[in-house]
Amino acid sequence: QVQLVESGGGLVQAGGSLRLSCTASERSVRVYAVRWLRQAPEKEGALVGAISRSDNTYDGHSMNGRFTISRDNAKNTAYLQINSLKPEDTAVYYCAAKQDYAFFGRSDYLRNYDYWGQGTQVTVSS
């Protein structure tokens, strides 16, 4: 079973940047798709986006160009870069992974993941 560990969260001032990491416990994750989702207090989870095994990225609804997903398969790690942080970005950010298939379309990359990390807290002060 793949284990995922997020890191890189913290307290940051509005306008700053963070790079979150999602590191997998095994090399097989390089053939997996990875998704980022965030959960703010008293709000529904919001999909940030996903990245395929071949580095195609898929943005979640209502996400703008401030979020960039990437991956480094040599390090078994996916990243979420967040720029121009706003207080409304305050949330716990989770990554998830599942095996990627050639027939996947955009909707497949954005839903129904098998493995989840524990989350990393991002707090943005105004």
# chains A, B, ... in the order shown; residues from 1 in each chain; ligands from 1
>>> closest_atom_pairs(of="region 12-70 of chain A", to="region 113-120 of chain A", cutoff="10 Å", atoms="only C-alpha atoms", output="JSON lines")
{"residue": "A:Leu20", "atom": "CA", "partner": "A:Thr120", "partner_atom": "CA", "distance": 8.1}
{"residue": "A:Ser21", "atom": "CA", "partner": "A:Thr120", "partner_atom": "CA", "distance": 9.2}
{"residue": "A:Cys22", "atom": "CA", "partner": "A:Gly117", "partner_atom": "CA", "distance": 7.8}
{"residue": "A:Thr23", "atom": "CA", "partner": "A:Gly117", "partner_atom": "CA", "distance": 9.0}
{"residue": "A:Ala24", "atom": "CA", "partner": "A:Gly117", "partner_atom": "CA", "distance": 9.0}
{"residue": "A:Ala33", "atom": "CA", "partner": "A:Tyr113", "partner_atom": "CA", "distance": 8.8}
{"residue": "A:Val34", "atom": "CA", "partner": "A:Tyr113", "partner_atom": "CA", "distance": 8.4}
{"residue": "A:Arg35", "atom": "CA", "partner": "A:Tyr113", "partner_atom": "CA", "distance": 7.9}
{"residue": "A:Trp36", "atom": "CA", "partner": "A:Trp116", "partner_atom": "CA", "distance": 9.8}
{"residue": "A:Leu37", "atom": "CA", "partner": "A:Gly119", "partner_atom": "CA", "distance": 9.3}
{"residue": "A:Arg38", "atom": "CA", "partner": "A:Gly119", "partner_atom": "CA", "distance": 8.6}
{"residue": "A:Gln39", "atom": "CA", "partner": "A:Gly119", "partner_atom": "CA", "distance": 9.3}
>>> select_by_dssp(residues="chain A", states="strand (DSSP E)", output="PDB file with N, CA, C and O atoms, in the first residue's frame")
ATOM      1  N   LEU A   4       1.607   8.201   1.680  1.00  0.00           N
ATOM      2  CA  LEU A   4       1.930   9.547   1.224  1.00  0.00           C
ATOM      3  C   LEU A   4       2.131  10.462   2.423  1.00  0.00           C
ATOM      4  O   LEU A   4       1.363  10.404   3.387  1.00  0.00           O
ATOM      5  N   VAL A   5       3.127  11.310   2.338  1.00  0.00           N
ATOM      6  CA  VAL A   5       3.401  12.260   3.417  1.00  0.00           C
ATOM      7  C   VAL A   5       3.518  13.649   2.820  1.00  0.00           C
ATOM      8  O   VAL A   5       4.401  13.901   1.974  1.00  0.00           O
ATOM      9  N   GLU A   6       2.644  14.544   3.270  1.00  0.00           N
ATOM     10  CA  GLU A   6       2.727  15.934   2.837  1.00  0.00           C
ATOM     11  C   GLU A   6       3.624  16.724   3.780  1.00  0.00           C
ATOM     12  O   GLU A   6       3.708  16.418   4.971  1.00  0.00           O
ATOM     13  N   SER A   7       4.248  17.736   3.240  1.00  0.00           N
ATOM     14  CA  SER A   7       5.078  18.620   4.052  1.00  0.00           C
ATOM     15  C   SER A   7       5.149  19.976   3.365  1.00  0.00           C
ATOM     16  O   SER A   7       4.728  20.126   2.210  1.00  0.00           O
ATOM     17  N   GLY A  10       2.702  25.744   6.603  1.00  0.00           N
ATOM     18  CA  GLY A  10       3.147  26.631   7.673  1.00  0.00           C
ATOM     19  C   GLY A  10       2.362  27.919   7.675  1.00  0.00           C
ATOM     20  O   GLY A  10       1.334  28.038   6.995  1.00  0.00           O
ATOM     21  N   LEU A  11       2.866  28.862   8.446  1.00  0.00           N
ATOM     22  CA  LEU A  11       2.255  30.178   8.545  1.00  0.00           C
ATOM     23  C   LEU A  11       3.006  31.132   7.631  1.00  0.00           C
ATOM     24  O   LEU A  11       4.229  31.243   7.706  1.00  0.00           O
ATOM     25  N   VAL A  12       2.272  31.809   6.778  1.00  0.00           N
ATOM     26  CA  VAL A  12       2.888  32.717   5.814  1.00  0.00           C
ATOM     27  C   VAL A  12       2.030  33.963   5.686  1.00  0.00           C
ATOM     28  O   VAL A  12       0.808  33.891   5.846  1.00  0.00           O
ATOM     29  N   GLN A  13       2.658  35.072   5.398  1.00  0.00           N
ATOM     30  CA  GLN A  13       1.918  36.307   5.191  1.00  0.00           C
ATOM     31  C   GLN A  13       1.284  36.342   3.809  1.00  0.00           C
ATOM     32  O   GLN A  13       1.799  35.742   2.852  1.00  0.00           O
ATOM     33  N   LEU A  18       4.431  29.337  -1.085  1.00  0.00           N
ATOM     34  CA  LEU A  18       4.784  28.076  -0.436  1.00  0.00           C
ATOM     35  C   LEU A  18       4.886  26.996  -1.496  1.00  0.00           C
ATOM     36  O   LEU A  18       4.184  27.042  -2.516  1.00  0.00           O
ATOM     37  N   ARG A  19       5.745  26.024  -1.237  1.00  0.00           N
ATOM     38  CA  ARG A  19       5.771  24.822  -2.054  1.00  0.00           C
ATOM     39  C   ARG A  19       5.521  23.632  -1.142  1.00  0.00           C
ATOM     40  O   ARG A  19       6.325  23.333  -0.259  1.00  0.00           O
ATOM     41  N   LEU A  20       4.407  22.986  -1.373  1.00  0.00           N
ATOM     42  CA  LEU A  20       4.055  21.796  -0.617  1.00  0.00           C
ATOM     43  C   LEU A  20       4.593  20.564  -1.335  1.00  0.00           C
ATOM     44  O   LEU A  20       4.627  20.528  -2.570  1.00  0.00           O
ATOM     45  N   SER A  21       4.991  19.590  -0.546  1.00  0.00           N
ATOM     46  CA  SER A  21       5.515  18.341  -1.104  1.00  0.00           C
ATOM     47  C   SER A  21       4.628  17.174  -0.702  1.00  0.00           C
ATOM     48  O   SER A  21       4.039  17.171   0.375  1.00  0.00           O
ATOM     49  N   CYS A  22       4.577  16.203  -1.561  1.00  0.00           N
ATOM     50  CA  CYS A  22       3.846  14.961  -1.307  1.00  0.00           C
ATOM     51  C   CYS A  22       4.793  13.826  -1.689  1.00  0.00           C
ATOM     52  O   CYS A  22       5.010  13.574  -2.881  1.00  0.00           O
ATOM     53  N   THR A  23       5.348  13.172  -0.687  1.00  0.00           N
ATOM     54  CA  THR A  23       6.352  12.147  -0.932  1.00  0.00           C
ATOM     55  C   THR A  23       5.760  10.771  -0.682  1.00  0.00           C
ATOM     56  O   THR A  23       5.120  10.528   0.353  1.00  0.00           O
ATOM     57  N   ALA A  24       5.989   9.881  -1.622  1.00  0.00           N
ATOM     58  CA  ALA A  24       5.434   8.531  -1.548  1.00  0.00           C
ATOM     59  C   ALA A  24       6.454   7.559  -0.978  1.00  0.00           C
ATOM     60  O   ALA A  24       7.671   7.762  -1.068  1.00  0.00           O
ATOM     61  N   TYR A  32       1.771   6.622 -10.992  1.00  0.00           N
ATOM     62  CA  TYR A  32       0.512   7.035 -10.396  1.00  0.00           C
ATOM     63  C   TYR A  32       0.174   8.474 -10.771  1.00  0.00           C
ATOM     64  O   TYR A  32       1.051   9.308 -10.984  1.00  0.00           O
ATOM     65  N   ALA A  33      -1.113   8.760 -10.793  1.00  0.00           N
ATOM     66  CA  ALA A  33      -1.587  10.146 -10.839  1.00  0.00           C
ATOM     67  C   ALA A  33      -1.639  10.673  -9.409  1.00  0.00           C
ATOM     68  O   ALA A  33      -1.850   9.911  -8.461  1.00  0.00           O
ATOM     69  N   VAL A  34      -1.416  11.954  -9.252  1.00  0.00           N
ATOM     70  CA  VAL A  34      -1.442  12.595  -7.930  1.00  0.00           C
ATOM     71  C   VAL A  34      -2.385  13.780  -7.974  1.00  0.00           C
ATOM     72  O   VAL A  34      -2.357  14.572  -8.922  1.00  0.00           O
ATOM     73  N   ARG A  35      -3.183  13.901  -6.943  1.00  0.00           N
ATOM     74  CA  ARG A  35      -4.160  14.982  -6.857  1.00  0.00           C
ATOM     75  C   ARG A  35      -3.949  15.771  -5.570  1.00  0.00           C
ATOM     76  O   ARG A  35      -3.589  15.202  -4.543  1.00  0.00           O
ATOM     77  N   TRP A  36      -4.204  17.057  -5.642  1.00  0.00           N
ATOM     78  CA  TRP A  36      -4.189  17.914  -4.459  1.00  0.00           C
ATOM     79  C   TRP A  36      -5.597  18.437  -4.196  1.00  0.00           C
ATOM     80  O   TRP A  36      -6.295  18.877  -5.119  1.00  0.00           O
ATOM     81  N   LEU A  37      -5.961  18.412  -2.922  1.00  0.00           N
ATOM     82  CA  LEU A  37      -7.257  18.905  -2.491  1.00  0.00           C
ATOM     83  C   LEU A  37      -7.029  19.700  -1.205  1.00  0.00           C
ATOM     84  O   LEU A  37      -6.117  19.402  -0.455  1.00  0.00           O
ATOM     85  N   ARG A  38      -7.851  20.684  -0.946  1.00  0.00           N
ATOM     86  CA  ARG A  38      -7.720  21.439   0.287  1.00  0.00           C
ATOM     87  C   ARG A  38      -9.044  21.488   1.041  1.00  0.00           C
ATOM     88  O   ARG A  38     -10.105  21.483   0.439  1.00  0.00           O
ATOM     89  N   GLN A  39      -8.925  21.528   2.352  1.00  0.00           N
ATOM     90  CA  GLN A  39     -10.089  21.542   3.227  1.00  0.00           C
ATOM     91  C   GLN A  39      -9.967  22.711   4.187  1.00  0.00           C
ATOM     92  O   GLN A  39      -9.113  22.690   5.079  1.00  0.00           O
ATOM     93  N   ALA A  46     -12.098  21.447  -1.488  1.00  0.00           N
ATOM     94  CA  ALA A  46     -11.965  22.062  -2.801  1.00  0.00           C
ATOM     95  C   ALA A  46     -10.827  21.391  -3.554  1.00  0.00           C
ATOM     96  O   ALA A  46      -9.721  21.240  -3.029  1.00  0.00           O
ATOM     97  N   LEU A  47     -11.118  21.010  -4.749  1.00  0.00           N
ATOM     98  CA  LEU A  47     -10.124  20.342  -5.576  1.00  0.00           C
ATOM     99  C   LEU A  47      -9.148  21.378  -6.135  1.00  0.00           C
ATOM    100  O   LEU A  47      -9.550  22.332  -6.786  1.00  0.00           O
ATOM    101  N   VAL A  48      -7.870  21.162  -5.887  1.00  0.00           N
ATOM    102  CA  VAL A  48      -6.857  22.079  -6.415  1.00  0.00           C
ATOM    103  C   VAL A  48      -6.444  21.668  -7.819  1.00  0.00           C
ATOM    104  O   VAL A  48      -6.393  22.483  -8.744  1.00  0.00           O
ATOM    105  N   GLY A  49      -6.157  20.393  -7.992  1.00  0.00           N
ATOM    106  CA  GLY A  49      -5.769  19.921  -9.306  1.00  0.00           C
ATOM    107  C   GLY A  49      -5.042  18.605  -9.219  1.00  0.00           C
ATOM    108  O   GLY A  49      -4.892  18.026  -8.141  1.00  0.00           O
ATOM    109  N   ALA A  50      -4.590  18.116 -10.355  1.00  0.00           N
ATOM    110  CA  ALA A  50      -3.957  16.810 -10.426  1.00  0.00           C
ATOM    111  C   ALA A  50      -2.879  16.811 -11.495  1.00  0.00           C
ATOM    112  O   ALA A  50      -2.846  17.685 -12.375  1.00  0.00           O
ATOM    113  N   ILE A  51      -2.017  15.796 -11.406  1.00  0.00           N
ATOM    114  CA  ILE A  51      -0.963  15.630 -12.402  1.00  0.00           C
ATOM    115  C   ILE A  51      -0.893  14.161 -12.779  1.00  0.00           C
ATOM    116  O   ILE A  51      -0.984  13.282 -11.921  1.00  0.00           O
ATOM    117  N   THR A  57      -1.178  18.279 -16.429  1.00  0.00           N
ATOM    118  CA  THR A  57      -1.832  18.807 -15.225  1.00  0.00           C
ATOM    119  C   THR A  57      -3.277  19.187 -15.518  1.00  0.00           C
ATOM    120  O   THR A  57      -3.629  19.556 -16.650  1.00  0.00           O
ATOM    121  N   TYR A  58      -4.078  19.110 -14.478  1.00  0.00           N
ATOM    122  CA  TYR A  58      -5.511  19.365 -14.592  1.00  0.00           C
ATOM    123  C   TYR A  58      -5.912  20.233 -13.400  1.00  0.00           C
ATOM    124  O   TYR A  58      -5.724  19.822 -12.256  1.00  0.00           O
ATOM    125  N   ASP A  59      -6.418  21.406 -13.664  1.00  0.00           N
ATOM    126  CA  ASP A  59      -6.773  22.327 -12.600  1.00  0.00           C
ATOM    127  C   ASP A  59      -8.195  22.060 -12.122  1.00  0.00           C
ATOM    128  O   ASP A  59      -9.098  21.788 -12.923  1.00  0.00           O
ATOM    129  N   PHE A  67      -1.700  28.410  -8.635  1.00  0.00           N
ATOM    130  CA  PHE A  67      -1.373  27.057  -8.200  1.00  0.00           C
ATOM    131  C   PHE A  67      -0.689  26.304  -9.341  1.00  0.00           C
ATOM    132  O   PHE A  67      -1.199  26.280 -10.457  1.00  0.00           O
ATOM    133  N   THR A  68       0.435  25.679  -9.047  1.00  0.00           N
ATOM    134  CA  THR A  68       1.157  24.899 -10.047  1.00  0.00           C
ATOM    135  C   THR A  68       1.536  23.557  -9.454  1.00  0.00           C
ATOM    136  O   THR A  68       2.154  23.487  -8.396  1.00  0.00           O
ATOM    137  N   ILE A  69       1.135  22.498 -10.159  1.00  0.00           N
ATOM    138  CA  ILE A  69       1.452  21.149  -9.715  1.00  0.00           C
ATOM    139  C   ILE A  69       2.575  20.602 -10.586  1.00  0.00           C
ATOM    140  O   ILE A  69       2.562  20.764 -11.817  1.00  0.00           O
ATOM    141  N   SER A  70       3.516  19.940  -9.949  1.00  0.00           N
ATOM    142  CA  SER A  70       4.627  19.319 -10.679  1.00  0.00           C
ATOM    143  C   SER A  70       5.026  18.045  -9.945  1.00  0.00           C
ATOM    144  O   SER A  70       4.476  17.723  -8.890  1.00  0.00           O
ATOM    145  N   ARG A  71       5.968  17.326 -10.510  1.00  0.00           N
ATOM    146  CA  ARG A  71       6.424  16.106  -9.852  1.00  0.00           C
ATOM    147  C   ARG A  71       7.874  15.833 -10.210  1.00  0.00           C
ATOM    148  O   ARG A  71       8.351  16.264 -11.262  1.00  0.00           O
ATOM    149  N   ASP A  72       8.543  15.116  -9.333  1.00  0.00           N
ATOM    150  CA  ASP A  72       9.911  14.657  -9.551  1.00  0.00           C
ATOM    151  C   ASP A  72       9.912  13.164  -9.250  1.00  0.00           C
ATOM    152  O   ASP A  72       9.988  12.760  -8.078  1.00  0.00           O
ATOM    153  N   THR A  77       8.136  12.243  -5.483  1.00  0.00           N
ATOM    154  CA  THR A  77       7.507  13.401  -4.865  1.00  0.00           C
ATOM    155  C   THR A  77       6.748  14.233  -5.890  1.00  0.00           C
ATOM    156  O   THR A  77       7.236  14.449  -7.007  1.00  0.00           O
ATOM    157  N   ALA A  78       5.576  14.678  -5.472  1.00  0.00           N
ATOM    158  CA  ALA A  78       4.811  15.664  -6.230  1.00  0.00           C
ATOM    159  C   ALA A  78       4.780  16.961  -5.432  1.00  0.00           C
ATOM    160  O   ALA A  78       4.930  16.952  -4.207  1.00  0.00           O
ATOM    161  N   TYR A  79       4.602  18.066  -6.140  1.00  0.00           N
ATOM    162  CA  TYR A  79       4.669  19.369  -5.497  1.00  0.00           C
ATOM    163  C   TYR A  79       3.434  20.192  -5.845  1.00  0.00           C
ATOM    164  O   TYR A  79       2.832  20.032  -6.913  1.00  0.00           O
ATOM    165  N   LEU A  80       3.110  21.085  -4.937  1.00  0.00           N
ATOM    166  CA  LEU A  80       2.093  22.095  -5.188  1.00  0.00           C
ATOM    167  C   LEU A  80       2.700  23.443  -4.830  1.00  0.00           C
ATOM    168  O   LEU A  80       2.977  23.708  -3.662  1.00  0.00           O
ATOM    169  N   GLN A  81       2.938  24.243  -5.835  1.00  0.00           N
ATOM    170  CA  GLN A  81       3.453  25.589  -5.636  1.00  0.00           C
ATOM    171  C   GLN A  81       2.276  26.554  -5.570  1.00  0.00           C
ATOM    172  O   GLN A  81       1.419  26.541  -6.463  1.00  0.00           O
ATOM    173  N   ILE A  82       2.232  27.347  -4.518  1.00  0.00           N
ATOM    174  CA  ILE A  82       1.160  28.331  -4.371  1.00  0.00           C
ATOM    175  C   ILE A  82       1.800  29.712  -4.262  1.00  0.00           C
ATOM    176  O   ILE A  82       2.605  29.951  -3.356  1.00  0.00           O
ATOM    177  N   ALA A  91      -6.036  26.482   4.807  1.00  0.00           N
ATOM    178  CA  ALA A  91      -6.697  25.177   4.721  1.00  0.00           C
ATOM    179  C   ALA A  91      -5.678  24.099   5.043  1.00  0.00           C
ATOM    180  O   ALA A  91      -4.465  24.354   5.099  1.00  0.00           O
ATOM    181  N   VAL A  92      -6.186  22.895   5.221  1.00  0.00           N
ATOM    182  CA  VAL A  92      -5.318  21.719   5.227  1.00  0.00           C
ATOM    183  C   VAL A  92      -5.264  21.202   3.790  1.00  0.00           C
ATOM    184  O   VAL A  92      -6.303  21.002   3.160  1.00  0.00           O
ATOM    185  N   TYR A  93      -4.061  21.006   3.317  1.00  0.00           N
ATOM    186  CA  TYR A  93      -3.863  20.555   1.946  1.00  0.00           C
ATOM    187  C   TYR A  93      -3.492  19.075   1.955  1.00  0.00           C
ATOM    188  O   TYR A  93      -2.562  18.664   2.653  1.00  0.00           O
ATOM    189  N   TYR A  94      -4.231  18.304   1.181  1.00  0.00           N
ATOM    190  CA  TYR A  94      -4.033  16.867   1.108  1.00  0.00           C
ATOM    191  C   TYR A  94      -3.600  16.463  -0.296  1.00  0.00           C
ATOM    192  O   TYR A  94      -4.097  16.988  -1.282  1.00  0.00           O
ATOM    193  N   CYS A  95      -2.714  15.482  -0.351  1.00  0.00           N
ATOM    194  CA  CYS A  95      -2.438  14.866  -1.638  1.00  0.00           C
ATOM    195  C   CYS A  95      -3.009  13.449  -1.631  1.00  0.00           C
ATOM    196  O   CYS A  95      -3.241  12.856  -0.572  1.00  0.00           O
ATOM    197  N   ALA A  96      -3.245  12.950  -2.806  1.00  0.00           N
ATOM    198  CA  ALA A  96      -3.763  11.597  -2.977  1.00  0.00           C
ATOM    199  C   ALA A  96      -3.171  11.014  -4.254  1.00  0.00           C
ATOM    200  O   ALA A  96      -2.769  11.762  -5.153  1.00  0.00           O
ATOM    201  N   ALA A  97      -3.143   9.698  -4.329  1.00  0.00           N
ATOM    202  CA  ALA A  97      -2.545   9.050  -5.489  1.00  0.00           C
ATOM    203  C   ALA A  97      -3.374   7.847  -5.913  1.00  0.00           C
ATOM    204  O   ALA A  97      -4.078   7.243  -5.095  1.00  0.00           O
ATOM    205  N   LYS A  98      -3.290   7.535  -7.177  1.00  0.00           N
ATOM    206  CA  LYS A  98      -3.885   6.311  -7.704  1.00  0.00           C
ATOM    207  C   LYS A  98      -3.151   5.947  -8.982  1.00  0.00           C
ATOM    208  O   LYS A  98      -2.502   6.794  -9.609  1.00  0.00           O
ATOM    209  N   GLN A  99      -3.276   4.695  -9.362  1.00  0.00           N
ATOM    210  CA  GLN A  99      -2.607   4.260 -10.575  1.00  0.00           C
ATOM    211  C   GLN A  99      -3.209   4.973 -11.782  1.00  0.00           C
ATOM    212  O   GLN A  99      -4.412   5.159 -11.871  1.00  0.00           O
ATOM    213  N   TYR A 115      -5.176   6.414  -2.382  1.00  0.00           N
ATOM    214  CA  TYR A 115      -4.229   6.600  -1.284  1.00  0.00           C
ATOM    215  C   TYR A 115      -4.171   8.078  -0.919  1.00  0.00           C
ATOM    216  O   TYR A 115      -4.096   8.938  -1.793  1.00  0.00           O
ATOM    217  N   TRP A 116      -4.174   8.336   0.399  1.00  0.00           N
ATOM    218  CA  TRP A 116      -4.227   9.712   0.887  1.00  0.00           C
ATOM    219  C   TRP A 116      -3.120   9.972   1.894  1.00  0.00           C
ATOM    220  O   TRP A 116      -2.744   9.083   2.668  1.00  0.00           O
ATOM    221  N   THR A 120      -1.258  18.747   5.285  1.00  0.00           N
ATOM    222  CA  THR A 120      -0.354  19.742   5.846  1.00  0.00           C
ATOM    223  C   THR A 120      -1.106  21.069   5.930  1.00  0.00           C
ATOM    224  O   THR A 120      -1.798  21.463   4.984  1.00  0.00           O
ATOM    225  N   GLN A 121      -0.969  21.725   7.079  1.00  0.00           N
ATOM    226  CA  GLN A 121      -1.723  22.948   7.339  1.00  0.00           C
ATOM    227  C   GLN A 121      -1.031  24.145   6.703  1.00  0.00           C
ATOM    228  O   GLN A 121       0.170  24.351   6.889  1.00  0.00           O
ATOM    229  N   VAL A 122      -1.804  24.932   5.979  1.00  0.00           N
ATOM    230  CA  VAL A 122      -1.333  26.214   5.444  1.00  0.00           C
ATOM    231  C   VAL A 122      -2.191  27.310   6.065  1.00  0.00           C
ATOM    232  O   VAL A 122      -3.420  27.267   5.975  1.00  0.00           O
ATOM    233  N   THR A 123      -1.536  28.250   6.713  1.00  0.00           N
ATOM    234  CA  THR A 123      -2.240  29.371   7.312  1.00  0.00           C
ATOM    235  C   THR A 123      -1.673  30.666   6.746  1.00  0.00           C
ATOM    236  O   THR A 123      -0.455  30.884   6.810  1.00  0.00           O
ATOM    237  N   VAL A 124      -2.543  31.482   6.203  1.00  0.00           N
ATOM    238  CA  VAL A 124      -2.117  32.730   5.580  1.00  0.00           C
ATOM    239  C   VAL A 124      -2.658  33.895   6.399  1.00  0.00           C
ATOM    240  O   VAL A 124      -3.877  34.025   6.586  1.00  0.00           O
ATOM    241  N   SER A 125      -1.755  34.714   6.890  1.00  0.00           N
ATOM    242  CA  SER A 125      -2.154  35.863   7.694  1.00  0.00           C
ATOM    243  C   SER A 125      -2.287  37.099   6.809  1.00  0.00           C
ATOM    244  O   SER A 125      -1.552  37.261   5.831  1.00  0.00           O
TER     245      SER A 125
END
>>> closest_residue(among="A:Ser52, A:Ser17, A:Asn112, A:Thr90", to="Arg66 (chain A)", atoms="only C-alpha atoms")
A:Ser17
